[in-house]
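Enquirer: I'm passing along my_file11.txt; it holds compact mmCIF, N, CA and C atoms.
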# COMPACT_ATOMS: atom_id res chain seq x y z
N MET N 9 0.85 -1.18 0.00
CA MET N 9 0.00 0.00 0.00
C MET N 9 0.89 1.24 0.00
N ARG N 10 0.51 2.19 -0.81
CA ARG N 10 1.25 3.45 -0.83
C ARG N 10 1.03 4.21 0.48
N LEU N 11 2.06 4.93 0.89
CA LEU N 11 2.01 5.67 2.14
C LEU N 11 0.91 6.73 2.12
N ASP N 12 0.69 7.40 1.01
CA ASP N 12 -0.36 8.42 0.95
C ASP N 12 -1.75 7.79 1.07
N ALA N 13 -1.92 6.56 0.58
CA ALA N 13 -3.20 5.85 0.74
C ALA N 13 -3.41 5.46 2.19
N LEU N 14 -2.36 5.04 2.86
CA LEU N 14 -2.44 4.70 4.28
C LEU N 14 -2.82 5.94 5.09
N ALA N 15 -2.21 7.06 4.78
CA ALA N 15 -2.48 8.31 5.51
C ALA N 15 -3.91 8.79 5.32
N ALA N 16 -4.56 8.39 4.24
CA ALA N 16 -5.94 8.82 3.96
C ALA N 16 -6.99 7.93 4.61
N LEU N 17 -6.57 6.85 5.27
CA LEU N 17 -7.54 5.95 5.88
C LEU N 17 -8.22 6.58 7.09
N PRO N 18 -9.48 6.19 7.36
CA PRO N 18 -10.16 6.68 8.57
C PRO N 18 -9.36 6.24 9.80
N GLY N 19 -9.28 7.09 10.76
CA GLY N 19 -8.55 6.77 11.98
C GLY N 19 -7.17 7.41 12.03
N VAL N 20 -6.66 7.84 10.89
CA VAL N 20 -5.38 8.55 10.88
C VAL N 20 -5.67 10.01 11.19
N LEU N 21 -5.15 10.48 12.32
CA LEU N 21 -5.42 11.84 12.77
C LEU N 21 -4.56 12.88 12.07
N ARG N 22 -3.28 12.56 11.91
CA ARG N 22 -2.34 13.48 11.26
C ARG N 22 -1.26 12.66 10.55
N ALA N 23 -0.69 13.25 9.54
CA ALA N 23 0.39 12.57 8.82
C ALA N 23 1.39 13.59 8.30
N ARG N 24 2.64 13.26 8.42
CA ARG N 24 3.74 14.05 7.84
C ARG N 24 4.45 13.12 6.87
N LEU N 25 4.24 13.32 5.58
CA LEU N 25 4.77 12.42 4.58
C LEU N 25 5.95 13.06 3.85
N HIS N 26 7.08 12.39 3.88
CA HIS N 26 8.26 12.86 3.17
C HIS N 26 8.39 12.14 1.83
N ALA N 27 7.77 10.97 1.71
CA ALA N 27 7.80 10.18 0.48
C ALA N 27 6.41 9.55 0.29
N PRO N 28 5.41 10.33 -0.14
CA PRO N 28 4.03 9.85 -0.23
C PRO N 28 3.84 8.62 -1.11
N ALA N 29 4.69 8.43 -2.10
CA ALA N 29 4.54 7.29 -3.01
C ALA N 29 5.25 6.03 -2.49
N PHE N 30 5.85 6.12 -1.30
CA PHE N 30 6.56 4.97 -0.74
C PHE N 30 5.60 3.79 -0.60
N GLU N 31 6.04 2.63 -1.00
CA GLU N 31 5.21 1.42 -0.98
C GLU N 31 5.52 0.58 0.26
N LEU N 32 4.53 0.48 1.15
CA LEU N 32 4.68 -0.34 2.36
C LEU N 32 4.25 -1.77 2.07
N ARG N 33 4.95 -2.72 2.64
CA ARG N 33 4.59 -4.12 2.46
C ARG N 33 3.93 -4.70 3.72
N GLN N 34 4.34 -4.19 4.89
CA GLN N 34 3.83 -4.73 6.15
C GLN N 34 3.77 -3.64 7.22
N VAL N 35 3.01 -3.93 8.26
CA VAL N 35 2.98 -3.10 9.46
C VAL N 35 3.16 -4.04 10.64
N HIS N 36 4.09 -3.72 11.54
CA HIS N 36 4.34 -4.55 12.71
C HIS N 36 4.35 -3.69 13.96
N CYS N 37 3.96 -4.29 15.07
CA CYS N 37 4.07 -3.61 16.36
C CYS N 37 5.25 -4.16 17.17
N ASP N 38 6.05 -5.04 16.56
CA ASP N 38 7.25 -5.59 17.18
C ASP N 38 8.45 -5.01 16.44
N SER N 39 9.21 -4.18 17.12
CA SER N 39 10.35 -3.49 16.47
C SER N 39 11.40 -4.47 15.97
N ARG N 40 11.40 -5.69 16.47
CA ARG N 40 12.38 -6.69 16.03
C ARG N 40 12.00 -7.30 14.68
N ARG N 41 10.78 -7.03 14.20
CA ARG N 41 10.30 -7.63 12.95
C ARG N 41 10.20 -6.64 11.80
N VAL N 42 10.69 -5.41 11.98
CA VAL N 42 10.59 -4.41 10.92
C VAL N 42 11.83 -4.43 10.03
N ASP N 43 11.65 -3.91 8.81
CA ASP N 43 12.76 -3.73 7.88
C ASP N 43 12.45 -2.50 7.03
N ALA N 44 13.15 -2.36 5.92
CA ALA N 44 13.04 -1.15 5.10
C ALA N 44 11.71 -1.01 4.36
N SER N 45 10.85 -2.02 4.40
CA SER N 45 9.54 -1.91 3.75
C SER N 45 8.40 -2.08 4.75
N THR N 46 8.71 -1.96 6.03
CA THR N 46 7.75 -2.23 7.10
C THR N 46 7.53 -1.00 7.97
N ALA N 47 6.28 -0.66 8.20
CA ALA N 47 5.95 0.41 9.14
C ALA N 47 5.93 -0.17 10.55
N PHE N 48 6.34 0.65 11.51
CA PHE N 48 6.28 0.26 12.91
C PHE N 48 5.10 0.98 13.56
N LEU N 49 4.23 0.21 14.19
CA LEU N 49 3.05 0.73 14.87
C LEU N 49 3.31 0.75 16.37
N ALA N 50 3.37 1.93 16.96
CA ALA N 50 3.63 2.09 18.39
C ALA N 50 2.34 2.43 19.11
N LEU N 51 1.91 1.52 19.96
CA LEU N 51 0.71 1.71 20.76
C LEU N 51 1.03 1.49 22.23
N ALA N 52 0.31 2.15 23.11
CA ALA N 52 0.45 1.90 24.54
C ALA N 52 -0.32 0.63 24.86
N GLY N 53 0.36 -0.35 25.45
CA GLY N 53 -0.28 -1.63 25.77
C GLY N 53 -0.45 -1.81 27.26
N LEU N 54 -0.94 -2.97 27.64
CA LEU N 54 -1.14 -3.26 29.05
C LEU N 54 0.17 -3.50 29.79
N GLU N 55 1.15 -4.10 29.10
CA GLU N 55 2.41 -4.43 29.76
C GLU N 55 3.54 -3.47 29.41
N THR N 56 3.52 -2.92 28.23
CA THR N 56 4.57 -1.99 27.81
C THR N 56 4.00 -0.98 26.81
N ASP N 57 4.74 0.08 26.62
CA ASP N 57 4.34 1.13 25.69
C ASP N 57 5.21 1.01 24.44
N GLY N 58 4.59 0.76 23.30
CA GLY N 58 5.33 0.61 22.06
C GLY N 58 6.15 1.82 21.68
N HIS N 59 5.82 2.97 22.22
CA HIS N 59 6.58 4.19 21.92
C HIS N 59 8.01 4.10 22.46
N ARG N 60 8.24 3.21 23.40
CA ARG N 60 9.58 2.99 23.94
C ARG N 60 10.50 2.36 22.90
N TYR N 61 9.93 1.79 21.85
CA TYR N 61 10.71 1.05 20.86
C TYR N 61 10.82 1.78 19.52
N LEU N 62 10.45 3.04 19.49
CA LEU N 62 10.54 3.81 18.24
C LEU N 62 11.98 3.88 17.72
N GLU N 63 12.92 4.13 18.59
CA GLU N 63 14.32 4.22 18.16
C GLU N 63 14.83 2.87 17.68
N ALA N 64 14.45 1.80 18.32
CA ALA N 64 14.85 0.46 17.88
C ALA N 64 14.28 0.16 16.50
N ALA N 65 13.05 0.58 16.24
CA ALA N 65 12.44 0.38 14.93
C ALA N 65 13.17 1.19 13.87
N ARG N 66 13.56 2.41 14.19
CA ARG N 66 14.33 3.24 13.25
C ARG N 66 15.67 2.60 12.94
N LYS N 67 16.35 2.11 13.97
CA LYS N 67 17.65 1.48 13.77
C LYS N 67 17.52 0.20 12.95
N ALA N 68 16.38 -0.46 13.04
CA ALA N 68 16.14 -1.68 12.27
C ALA N 68 15.75 -1.37 10.82
N GLY N 69 15.55 -0.09 10.52
CA GLY N 69 15.29 0.32 9.15
C GLY N 69 13.87 0.71 8.80
N SER N 70 12.98 0.73 9.79
CA SER N 70 11.59 1.09 9.49
C SER N 70 11.51 2.53 8.97
N PRO N 71 10.97 2.71 7.75
CA PRO N 71 10.88 4.05 7.17
C PRO N 71 9.62 4.82 7.54
N VAL N 72 8.66 4.13 8.18
CA VAL N 72 7.39 4.74 8.53
C VAL N 72 7.08 4.41 9.99
N LEU N 73 6.77 5.43 10.77
CA LEU N 73 6.42 5.24 12.17
C LEU N 73 4.98 5.68 12.36
N ILE N 74 4.17 4.80 12.94
CA ILE N 74 2.77 5.10 13.23
C ILE N 74 2.64 5.12 14.74
N VAL N 75 2.23 6.25 15.29
CA VAL N 75 2.19 6.43 16.73
C VAL N 75 0.78 6.79 17.19
N SER N 76 0.49 6.51 18.45
CA SER N 76 -0.80 6.92 19.01
C SER N 76 -0.63 8.09 19.98
N ASP N 77 0.60 8.40 20.33
CA ASP N 77 0.90 9.46 21.29
C ASP N 77 1.16 10.78 20.56
N ALA N 78 0.42 11.81 20.90
CA ALA N 78 0.54 13.11 20.23
C ALA N 78 1.92 13.72 20.41
N ALA N 79 2.52 13.58 21.59
CA ALA N 79 3.86 14.14 21.83
C ALA N 79 4.91 13.44 20.98
N ALA N 80 4.79 12.13 20.83
CA ALA N 80 5.72 11.38 19.98
C ALA N 80 5.58 11.82 18.53
N TYR N 81 4.35 12.03 18.09
CA TYR N 81 4.13 12.51 16.72
C TYR N 81 4.81 13.86 16.51
N GLU N 82 4.59 14.79 17.41
CA GLU N 82 5.16 16.13 17.30
C GLU N 82 6.68 16.07 17.23
N ARG N 83 7.28 15.26 18.09
CA ARG N 83 8.74 15.14 18.13
C ARG N 83 9.27 14.57 16.81
N LEU N 84 8.66 13.51 16.33
CA LEU N 84 9.12 12.86 15.11
C LEU N 84 8.83 13.70 13.86
N ALA N 85 7.67 14.30 13.80
CA ALA N 85 7.29 15.09 12.62
C ALA N 85 8.16 16.33 12.48
N SER N 86 8.56 16.92 13.59
CA SER N 86 9.38 18.13 13.51
C SER N 86 10.85 17.80 13.29
N ALA N 87 11.31 16.66 13.78
CA ALA N 87 12.72 16.29 13.63
C ALA N 87 13.02 15.76 12.23
N ALA N 88 12.06 15.07 11.61
CA ALA N 88 12.23 14.47 10.28
C ALA N 88 13.55 13.73 10.15
N PRO N 89 13.74 12.66 10.93
CA PRO N 89 14.99 11.90 10.87
C PRO N 89 15.32 11.45 9.45
N ASN N 90 16.60 11.38 9.15
CA ASN N 90 17.07 10.94 7.84
C ASN N 90 16.48 9.60 7.44
N GLY N 91 16.00 9.48 6.21
CA GLY N 91 15.47 8.22 5.72
C GLY N 91 14.05 7.93 6.12
N LEU N 92 13.44 8.81 6.88
CA LEU N 92 12.06 8.57 7.33
C LEU N 92 11.09 9.00 6.23
N ALA N 93 10.30 8.05 5.75
CA ALA N 93 9.32 8.33 4.68
C ALA N 93 8.09 9.02 5.21
N GLY N 94 7.74 8.75 6.48
CA GLY N 94 6.56 9.38 7.04
C GLY N 94 6.31 9.03 8.49
N VAL N 95 5.51 9.89 9.12
CA VAL N 95 5.06 9.71 10.50
C VAL N 95 3.55 9.91 10.50
N LEU N 96 2.82 9.01 11.12
CA LEU N 96 1.37 9.11 11.20
C LEU N 96 0.93 9.00 12.65
N GLN N 97 -0.13 9.70 12.99
CA GLN N 97 -0.72 9.56 14.31
C GLN N 97 -2.11 8.97 14.15
N VAL N 98 -2.36 7.91 14.92
CA VAL N 98 -3.68 7.25 14.90
C VAL N 98 -4.33 7.38 16.23
Could you spell out this file's structure in structure tokens?

Expert:
Amino acid sequence: MRLDALAALPGVLRARLHAPAFELRQVHCDSRRVDASTAFLALAGLETDGHRYLEAARKAGSPVLIVSDAAAYERLASAAPNGLAGVLQV
């Protein structure tokens, strides 16, 4: 799915797209399972907060970060780390 199509889905509150035509193959909430074609989905869970693993997902090559925390979105969207295709808030 193209990143711009993902950003247009219901439930996406905000999106900062650096490469709207980027083609995603998968979305994972486990930072150990991401690669250069996989978005990382960070959600607050019962046992841990996925936002704690955003940096690990970036280091693993995830080009798209999907977050539920508004502060995390603001930080990532304004910093625009190198190689990041997009940041979305759900």

Enquirer: Distance atom CA of Leu51 of chain N-atom CA of Asp12 of chain N, one decimal place?

Expert: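 Computing it gives 20.9 Å between the two atoms.
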
Enquirer: Could you tell me which of N:Ala87, N:Ala93, N:Leu54, N:Met9 comes closest to Ile74 of chain N if we count only C-alpha atoms?

Expert: N:Ala93

Enquirer: Which residues in chain N does DSSP call alpha helix (DSSP H)? List them as a count of residues only.

Expert: 21

Enquirer: Which neighbours of Arg40 of chain N fall inside 8 Å, counting only C-alpha atoms, when residues of the same chain fewer than 3 positions from it are skipped, and could you give them as a list in words?

Expert: Ala64, Ala65 and Ala68 of chain N

Enquirer: Give the answer as one residue: which of N:Leu11, N:Glu55, N:Thr46, N:Arg24 has the shortest atom-to-atom distance to Glu82 of chain N, using only C-alpha atoms?

Expert: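 Of all the options, N:Arg24 lies closest to Glu82 of chain N.
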
Enquirer: Show which residues sit within 6 Å of Ala47 of chain N, as a count of residues only. Count only C-alpha atoms, and ignore same-chain residues fewer than 4 positions away.

Expert: 4

Enquirer: Give me, as a PyMOL selection string, the residues of chain N that a backbone DSSP run labels strand (DSSP E or B).

Expert: chain N and resi 10+22-25+31+34-36+46-50+52+57+72-75+94-97

Enquirer: Using all atoms listed in the file, can you tell me which of N:Ala50, N:Ala78, N:Cys37, N:Leu96 comes closest to Ala15 of chain N?

Expert: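 Closest residue, counting all atoms listed in the file: N:Leu96.
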
Enquirer: Could you state the separation of atom C of Leu49 of chain N and atom CA of Gly19 of chain N in Å, given to one decimal place?

Expert: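 Interatomic distance, atom C of Leu49 of chain N to atom CA of Gly19 of chain N: 14.0 Å.
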
Enquirer: From the set N:Gln97, N:Thr56, N:Asn90, N:Ser45, which residue has the shortest atom-to-atom contact distance to Ala23 of chain N, counting only N, CA and C atoms?

Expert: N:Gln97

Enquirer: Report the distance between atom N of Ala29 of chain N and atom C of Ala52 of chain N in Å, rounded to one decimal place.

Expert: 28.5 Å

Enquirer: Show me, as a CSV table (one decimal) with N, CA and C atoms, in the coordinates of the input, the residues that have an atom within 6 Å of Leu92 of chain N when counting only N, CA and C atoms, minus same-chain residues fewer than 5 positions from it.

Expert:
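New file around03.csv:
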chain,number,residue,atom,x,y,z
N,26,HIS,N,7.1,12.4,3.9
N,26,HIS,CA,8.3,12.9,3.2
N,26,HIS,C,8.4,12.1,1.8
N,27,ALA,N,7.8,11.0,1.7
N,27,ALA,CA,7.8,10.2,0.5
N,27,ALA,C,6.4,9.6,0.3
N,71,PRO,N,11.0,2.7,7.8
N,71,PRO,CA,10.9,4.0,7.2
N,71,PRO,C,9.6,4.8,7.5
N,72,VAL,N,8.7,4.1,8.2
N,72,VAL,CA,7.4,4.7,8.5
N,72,VAL,C,7.1,4.4,10.0
